[in-house]
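Chemist: The structure file model-v9.cif (mmCIF, C-alpha atoms, pLDDT in the B column; chains and numbers go by the auth columns) is provided below.
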data_model
#
loop_
_atom_site.group_PDB
_atom_site.id
_atom_site.type_symbol
_atom_site.label_atom_id
_atom_site.label_comp_id
_atom_site.label_asym_id
_atom_site.label_seq_id
_atom_site.Cartn_x
_atom_site.Cartn_y
_atom_site.Cartn_z
_atom_site.B_iso_or_equiv
_atom_site.auth_seq_id
_atom_site.auth_asym_id
ATOM 1 C CA MET A 1 68.127 57.503 109.890 95.00 1 Z
ATOM 2 C CA LYS A 2 64.870 57.278 111.784 97.00 2 Z
ATOM 3 C CA LEU A 3 61.101 57.463 111.463 97.00 3 Z
ATOM 4 C CA ARG A 4 59.159 60.398 112.835 97.00 4 Z
ATOM 5 C CA ASN A 5 55.782 62.033 112.357 97.00 5 Z
ATOM 6 C CA LEU A 6 55.332 64.012 109.162 98.00 6 Z
ATOM 7 C CA GLU A 7 55.913 67.741 109.652 98.00 7 Z
ATOM 8 C CA LEU A 8 54.991 70.749 107.532 97.00 8 Z
ATOM 9 C CA LYS A 9 58.686 71.346 106.812 98.00 9 Z
ATOM 10 C CA ASP A 10 58.604 68.068 104.817 98.00 10 Z
ATOM 11 C CA ALA A 11 56.168 69.441 102.231 98.00 11 Z
ATOM 12 C CA PRO A 12 58.748 70.860 99.761 98.00 12 Z
ATOM 13 C CA PHE A 13 60.689 67.572 99.782 98.00 13 Z
ATOM 14 C CA MET A 14 57.463 65.639 99.362 97.00 14 Z
ATOM 15 C CA LEU A 15 56.558 67.785 96.374 97.00 15 Z
ATOM 16 C CA GLU A 16 60.035 67.101 94.945 96.00 16 Z
ATOM 17 C CA TRP A 17 59.373 63.356 94.575 96.00 17 Z
ATOM 18 C CA MET A 18 55.845 64.007 93.340 95.00 18 Z
ATOM 19 C CA GLN A 19 57.245 66.073 90.474 94.00 19 Z
ATOM 20 C CA ASP A 20 59.909 63.469 89.577 93.00 20 Z
ATOM 21 C CA ILE A 21 58.528 61.186 86.845 90.00 21 Z
ATOM 22 C CA SER A 22 61.191 58.554 87.538 86.00 22 Z
ATOM 23 C CA VAL A 23 59.776 58.195 91.062 90.00 23 Z
ATOM 24 C CA VAL A 24 56.026 58.290 90.304 87.00 24 Z
ATOM 25 C CA GLU A 25 55.697 56.788 86.820 86.00 25 Z
ATOM 26 C CA TYR A 26 54.066 53.557 88.069 81.00 26 Z
ATOM 27 C CA MET A 27 51.830 55.070 90.729 83.00 27 Z
ATOM 28 C CA HIS A 28 48.061 55.216 90.371 80.00 28 Z
ATOM 29 C CA ILE A 29 47.781 58.905 91.284 84.00 29 Z
ATOM 30 C CA ASN A 30 48.714 61.757 88.977 88.00 30 Z
ATOM 31 C CA PHE A 31 51.206 63.417 91.304 89.00 31 Z
ATOM 32 C CA ALA A 32 52.338 65.887 88.614 85.00 32 Z
ATOM 33 C CA LYS A 33 49.167 67.883 89.359 91.00 33 Z
ATOM 34 C CA LYS A 34 49.970 68.198 93.052 94.00 34 Z
ATOM 35 C CA LYS A 35 50.990 71.504 94.586 96.00 35 Z
ATOM 36 C CA ILE A 36 52.631 72.440 97.869 97.00 36 Z
ATOM 37 C CA ASP A 37 49.172 73.008 99.404 97.00 37 Z
ATOM 38 C CA ASP A 38 48.289 69.370 98.643 96.00 38 Z
ATOM 39 C CA CYS A 39 51.398 68.196 100.473 97.00 39 Z
ATOM 40 C CA GLU A 40 50.653 70.401 103.462 98.00 40 Z
ATOM 41 C CA SER A 41 47.048 69.174 103.585 97.00 41 Z
ATOM 42 C CA PHE A 42 48.191 65.547 103.457 96.00 42 Z
ATOM 43 C CA ILE A 43 50.597 66.151 106.336 97.00 43 Z
ATOM 44 C CA GLU A 44 47.945 67.886 108.455 97.00 44 Z
ATOM 45 C CA GLU A 45 45.292 65.260 107.707 96.00 45 Z
ATOM 46 C CA SER A 46 47.705 62.440 108.554 95.00 46 Z
ATOM 47 C CA LYS A 47 47.766 63.620 112.168 94.00 47 Z
ATOM 48 C CA CYS A 48 44.168 62.515 112.807 93.00 48 Z
ATOM 49 C CA ASP A 49 43.674 59.783 110.202 93.00 49 Z
ATOM 50 C CA LYS A 50 42.473 56.614 111.956 89.00 50 Z
ATOM 51 C CA ASN A 51 42.574 54.363 108.858 93.00 51 Z
ATOM 52 C CA ASN A 52 46.066 55.239 107.654 96.00 52 Z
ATOM 53 C CA PHE A 53 49.385 55.652 109.452 96.00 53 Z
ATOM 54 C CA HIS A 54 52.088 57.721 107.722 97.00 54 Z
ATOM 55 C CA MET A 55 55.624 58.381 108.930 97.00 55 Z
ATOM 56 C CA ALA A 56 58.535 60.362 107.540 98.00 56 Z
ATOM 57 C CA ILE A 57 61.809 58.585 106.917 98.00 57 Z
ATOM 58 C CA VAL A 58 64.539 61.100 107.742 98.00 58 Z
ATOM 59 C CA ASN A 59 68.315 61.225 107.670 98.00 59 Z
ATOM 60 C CA ASP A 60 70.556 61.983 110.651 96.00 60 Z
ATOM 61 C CA LYS A 61 70.021 65.719 110.082 97.00 61 Z
ATOM 62 C CA ASP A 62 66.225 65.255 110.265 98.00 62 Z
ATOM 63 C CA GLU A 63 65.816 65.920 106.524 98.00 63 Z
ATOM 64 C CA TYR A 64 62.813 64.207 104.949 98.00 64 Z
ATOM 65 C CA MET A 65 63.808 61.353 102.623 98.00 65 Z
ATOM 66 C CA GLY A 66 60.424 59.730 102.076 97.00 66 Z
ATOM 67 C CA THR A 67 57.128 58.516 103.470 97.00 67 Z
ATOM 68 C CA VAL A 68 56.287 55.036 104.690 97.00 68 Z
ATOM 69 C CA SER A 69 52.677 54.106 105.377 96.00 69 Z
ATOM 70 C CA LEU A 70 50.208 51.538 106.548 96.00 70 Z
ATOM 71 C CA LYS A 71 46.971 52.244 104.707 95.00 71 Z
ATOM 72 C CA ARG A 72 43.419 50.916 104.922 93.00 72 Z
ATOM 73 C CA ILE A 73 44.138 49.539 108.399 95.00 73 Z
ATOM 74 C CA THR A 74 41.637 46.969 109.666 93.00 74 Z
ATOM 75 C CA ASP A 75 41.669 44.733 112.745 92.00 75 Z
ATOM 76 C CA SER A 76 43.781 42.163 110.916 93.00 76 Z
ATOM 77 C CA ASN A 77 45.630 43.766 108.007 93.00 77 Z
ATOM 78 C CA ALA A 78 46.893 46.891 106.293 93.00 78 Z
ATOM 79 C CA GLU A 79 48.388 47.888 102.975 90.00 79 Z
ATOM 80 C CA PHE A 80 52.052 48.886 102.992 89.00 80 Z
ATOM 81 C CA ALA A 81 53.227 51.845 100.904 89.00 81 Z
ATOM 82 C CA ILE A 82 56.541 53.610 100.602 91.00 82 Z
ATOM 83 C CA VAL A 83 58.075 56.322 98.483 94.00 83 Z
ATOM 84 C CA VAL A 84 61.473 57.948 98.775 96.00 84 Z
ATOM 85 C CA ARG A 85 63.084 60.870 97.034 96.00 85 Z
ATOM 86 C CA LYS A 86 65.397 60.008 94.165 95.00 86 Z
ATOM 87 C CA CYS A 87 68.424 61.166 96.182 96.00 87 Z
ATOM 88 C CA ALA A 88 67.519 58.596 98.872 96.00 88 Z
ATOM 89 C CA MET A 89 67.260 55.595 96.538 93.00 89 Z
ATOM 90 C CA GLY A 90 69.864 52.895 97.013 92.00 90 Z
ATOM 91 C CA LYS A 91 70.942 54.228 100.411 96.00 91 Z
ATOM 92 C CA GLY A 92 68.911 51.981 102.716 94.00 92 Z
ATOM 93 C CA TYR A 93 66.055 54.355 103.532 96.00 93 Z
ATOM 94 C CA SER A 94 63.372 52.152 101.958 92.00 94 Z
ATOM 95 C CA LYS A 95 64.595 49.000 103.691 92.00 95 Z
ATOM 96 C CA TYR A 96 64.820 50.814 107.016 96.00 96 Z
ATOM 97 C CA GLY A 97 61.362 52.353 106.655 95.00 97 Z
ATOM 98 C CA MET A 98 59.800 49.055 105.621 91.00 98 Z
ATOM 99 C CA LYS A 99 61.278 47.106 108.537 93.00 99 Z
ATOM 100 C CA LYS A 100 60.294 49.745 111.104 96.00 100 Z
ATOM 101 C CA ILE A 101 56.709 50.223 109.941 94.00 101 Z
ATOM 102 C CA MET A 102 56.121 46.490 109.585 92.00 102 Z
ATOM 103 C CA LYS A 103 57.404 45.939 113.118 95.00 103 Z
ATOM 104 C CA TYR A 104 55.007 48.659 114.272 96.00 104 Z
ATOM 105 C CA GLY A 105 52.118 47.054 112.382 95.00 105 Z
ATOM 106 C CA PHE A 106 52.719 43.590 113.795 95.00 106 Z
ATOM 107 C CA ASP A 107 53.907 44.458 117.317 95.00 107 Z
ATOM 108 C CA LYS A 108 51.950 47.618 118.181 95.00 108 Z
ATOM 109 C CA ILE A 109 48.769 47.339 116.107 94.00 109 Z
ATOM 110 C CA GLY A 110 48.631 43.523 116.201 95.00 110 Z
ATOM 111 C CA LEU A 111 48.082 42.966 112.479 95.00 111 Z
ATOM 112 C CA ASP A 112 48.015 39.433 111.098 93.00 112 Z
ATOM 113 C CA TYR A 113 49.449 40.434 107.748 88.00 113 Z
ATOM 114 C CA ILE A 114 50.619 43.426 105.781 88.00 114 Z
ATOM 115 C CA TYR A 115 50.256 43.457 102.016 86.00 115 Z
ATOM 116 C CA TRP A 116 51.156 45.733 99.172 81.00 116 Z
ATOM 117 C CA CYS A 117 50.293 45.941 95.540 74.00 117 Z
ATOM 118 C CA VAL A 118 52.736 46.858 92.823 72.00 118 Z
ATOM 119 C CA LEU A 119 52.448 46.858 89.058 69.00 119 Z
ATOM 120 C CA PRO A 120 54.631 44.153 87.480 69.00 120 Z
ATOM 121 C CA ASP A 121 56.109 46.831 85.198 77.00 121 Z
ATOM 122 C CA ASN A 122 57.530 48.595 88.243 74.00 122 Z
ATOM 123 C CA LYS A 123 60.784 46.650 88.093 76.00 123 Z
ATOM 124 C CA ARG A 124 62.503 48.759 90.778 79.00 124 Z
ATOM 125 C CA ALA A 125 59.746 48.035 93.312 76.00 125 Z
ATOM 126 C CA VAL A 126 59.514 44.346 92.391 72.00 126 Z
ATOM 127 C CA ARG A 127 63.306 43.966 92.846 76.00 127 Z
ATOM 128 C CA PHE A 128 63.113 45.755 96.189 76.00 128 Z
ATOM 129 C CA TYR A 129 60.383 43.484 97.533 72.00 129 Z
ATOM 130 C CA ASP A 130 62.014 40.327 96.196 69.00 130 Z
ATOM 131 C CA LYS A 131 65.411 41.342 97.594 78.00 131 Z
ATOM 132 C CA ASN A 132 63.916 41.982 101.012 73.00 132 Z
ATOM 133 C CA GLY A 133 62.265 38.587 101.390 70.00 133 Z
ATOM 134 C CA CYS A 134 58.691 39.530 100.571 69.00 134 Z
ATOM 135 C CA GLN A 135 56.434 36.759 99.383 68.00 135 Z
ATOM 136 C CA ARG A 136 54.285 37.101 96.259 65.00 136 Z
ATOM 137 C CA VAL A 137 50.692 36.062 96.858 65.00 137 Z
ATOM 138 C CA LYS A 138 47.257 36.647 95.380 64.00 138 Z
ATOM 139 C CA PRO A 139 44.856 36.516 98.312 51.00 139 Z
ATOM 140 C CA PRO A 140 41.183 36.820 97.388 48.00 140 Z
ATOM 141 C CA GLU A 141 40.707 39.991 99.442 53.00 141 Z
ATOM 142 C CA ILE A 142 43.345 41.870 97.428 47.00 142 Z
ATOM 143 C CA ARG A 143 42.203 42.602 93.893 45.00 143 Z
ATOM 144 C CA GLY A 144 44.940 42.087 91.343 44.00 144 Z
ATOM 145 C CA GLY A 145 47.272 40.256 93.727 45.00 145 Z
ATOM 146 C CA GLY A 146 50.019 41.742 95.790 46.00 146 Z
ATOM 147 C CA TYR A 147 52.806 41.004 98.172 44.00 147 Z
ATOM 148 C CA THR A 148 52.775 40.015 101.787 42.00 148 Z
#
Mind turning this structure into structure tokens?

Modeler:
Amino acid sequence: MKLRNLELKDAPFMLEWMQDISVVEYMHINFAKKKIDDCESFIEESKCDKNNFHMAIVNDKDEYMGTVSLKRITDSNAEFAIVVRKCAMGKGYSKYGMKKIMKYGFDKIGLDYIYWCVLPDNKRAVRFYDKNGCQRVKPPEIRGGGYT
């Protein structure tokens, strides 16, 4: 597995997870309304987005498994986000993507901290973050709390 830039060929796989309620049920965006054009636009826009950094997590055959992101990047921090296709869950793609993008954020961008927000009802995400050594905090600059 590896990280690479998002490519237009990823759009159908991206739409797959967007249409899977078991993947998106706790997300704040109504992905069920998204179409292939939305995925393609996101991929194209990600190429020149200065405030957000999105990468594809791919398998050894270069097939898209998910997206890992640093969003709302400032001089000192960024929000972490990740989503993988259902077929990629439990196979190490999320852990790999998280470790690689965090290393990039700290080593290449020079961030002081990376945070993410997850609904407490999202048990799968909470278990993932807990299992991977993430610390629960409620810093004042993150409404509703989060992880860092």

Chemist: List the residues matched by the PyMOL selection byres ((chain Z and resi 46-49) around 12) in the displayed structure as an MDAnalysis selection string, ordered by chain and then by residue number.

Modeler: chainID Z and resid 4:8 39:45 50:56 67:73

Chemist: Centre and edge lengths, as AutoDock Vina command-line options, for the axis-aligned box enclosing every listed atom of range 86-99 of chain Z with 4 Å of padding on each of the six sides, in Å to one decimal?

Modeler:
--center_x 65.4 --center_y 54.1 --center_z 101.4 --size_x 19.1 --size_y 22.1 --size_z 22.4

Chemist: When you draw a straight line from CA of Ile109 in chain Z to CA of Leu3 in chain Z, how long is it in Å?

Modeler: 16.6 Å

Chemist: Could you write out as a ChimeraX atom specification the residues that the PyMOL selection byres ((chain Z and resi 102) around 12) matches in the shown file?

Modeler: /Z:53,55,68-71,77-82,94-101,103-116,134,148

Chemist: Within 12 Å of range 12-25 of chain Z, which residues of range 56-128 of chain Z come that close, and what is the closest atom pair and distance in Å for each? Count all atoms listed in the file and give it as JSON lines.

Modeler:
{"residue": "Z:Ala56", "atom": "CA", "partner": "Z:Met14", "partner_atom": "CA", "distance": 9.8}
{"residue": "Z:Ile57", "atom": "CA", "partner": "Z:Met14", "partner_atom": "CA", "distance": 11.2}
{"residue": "Z:Val58", "atom": "CA", "partner": "Z:Phe13", "partner_atom": "CA", "distance": 11.0}
{"residue": "Z:Glu63", "atom": "CA", "partner": "Z:Phe13", "partner_atom": "CA", "distance": 8.6}
{"residue": "Z:Tyr64", "atom": "CA", "partner": "Z:Phe13", "partner_atom": "CA", "distance": 6.5}
{"residue": "Z:Met65", "atom": "CA", "partner": "Z:Phe13", "partner_atom": "CA", "distance": 7.5}
{"residue": "Z:Gly66", "atom": "CA", "partner": "Z:Met14", "partner_atom": "CA", "distance": 7.1}
{"residue": "Z:Thr67", "atom": "CA", "partner": "Z:Met14", "partner_atom": "CA", "distance": 8.2}
{"residue": "Z:Val68", "atom": "CA", "partner": "Z:Met14", "partner_atom": "CA", "distance": 11.9}
{"residue": "Z:Ile82", "atom": "CA", "partner": "Z:Val23", "partner_atom": "CA", "distance": 11.1}
{"residue": "Z:Val83", "atom": "CA", "partner": "Z:Val23", "partner_atom": "CA", "distance": 7.8}
{"residue": "Z:Val84", "atom": "CA", "partner": "Z:Trp17", "partner_atom": "CA", "distance": 7.2}
{"residue": "Z:Arg85", "atom": "CA", "partner": "Z:Trp17", "partner_atom": "CA", "distance": 5.1}
{"residue": "Z:Lys86", "atom": "CA", "partner": "Z:Val23", "partner_atom": "CA", "distance": 6.7}
{"residue": "Z:Cys87", "atom": "CA", "partner": "Z:Trp17", "partner_atom": "CA", "distance": 9.4}
{"residue": "Z:Ala88", "atom": "CA", "partner": "Z:Trp17", "partner_atom": "CA", "distance": 10.4}
{"residue": "Z:Met89", "atom": "CA", "partner": "Z:Val23", "partner_atom": "CA", "distance": 9.6}
{"residue": "Z:Val118", "atom": "CA", "partner": "Z:Glu25", "partner_atom": "CA", "distance": 12.0}
{"residue": "Z:Leu119", "atom": "CA", "partner": "Z:Glu25", "partner_atom": "CA", "distance": 10.7}
{"residue": "Z:Asp121", "atom": "CA", "partner": "Z:Glu25", "partner_atom": "CA", "distance": 10.1}
{"residue": "Z:Asn122", "atom": "CA", "partner": "Z:Glu25", "partner_atom": "CA", "distance": 8.5}
{"residue": "Z:Lys123", "atom": "CA", "partner": "Z:Glu25", "partner_atom": "CA", "distance": 11.4}
{"residue": "Z:Arg124", "atom": "CA", "partner": "Z:Val23", "partner_atom": "CA", "distance": 9.8}
{"residue": "Z:Ala125", "atom": "CA", "partner": "Z:Val23", "partner_atom": "CA", "distance": 10.4}

Chemist: For the atom pair CA of Asn132 in chain Z and CA of Gly92 in chain Z, what is the interatomic distance in Å to one decimal place?

Modeler: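 Between CA of Asn132 in chain Z and CA of Gly92 in chain Z the gap works out to 11.3 Å.
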
Chemist: Provide the CA of Asn59 in chain Z to CA of Lys2 in chain Z distance in Å, to one decimal place.

Modeler: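 Result for CA of Asn59 in chain Z versus CA of Lys2 in chain Z: 6.7 Å, one decimal.
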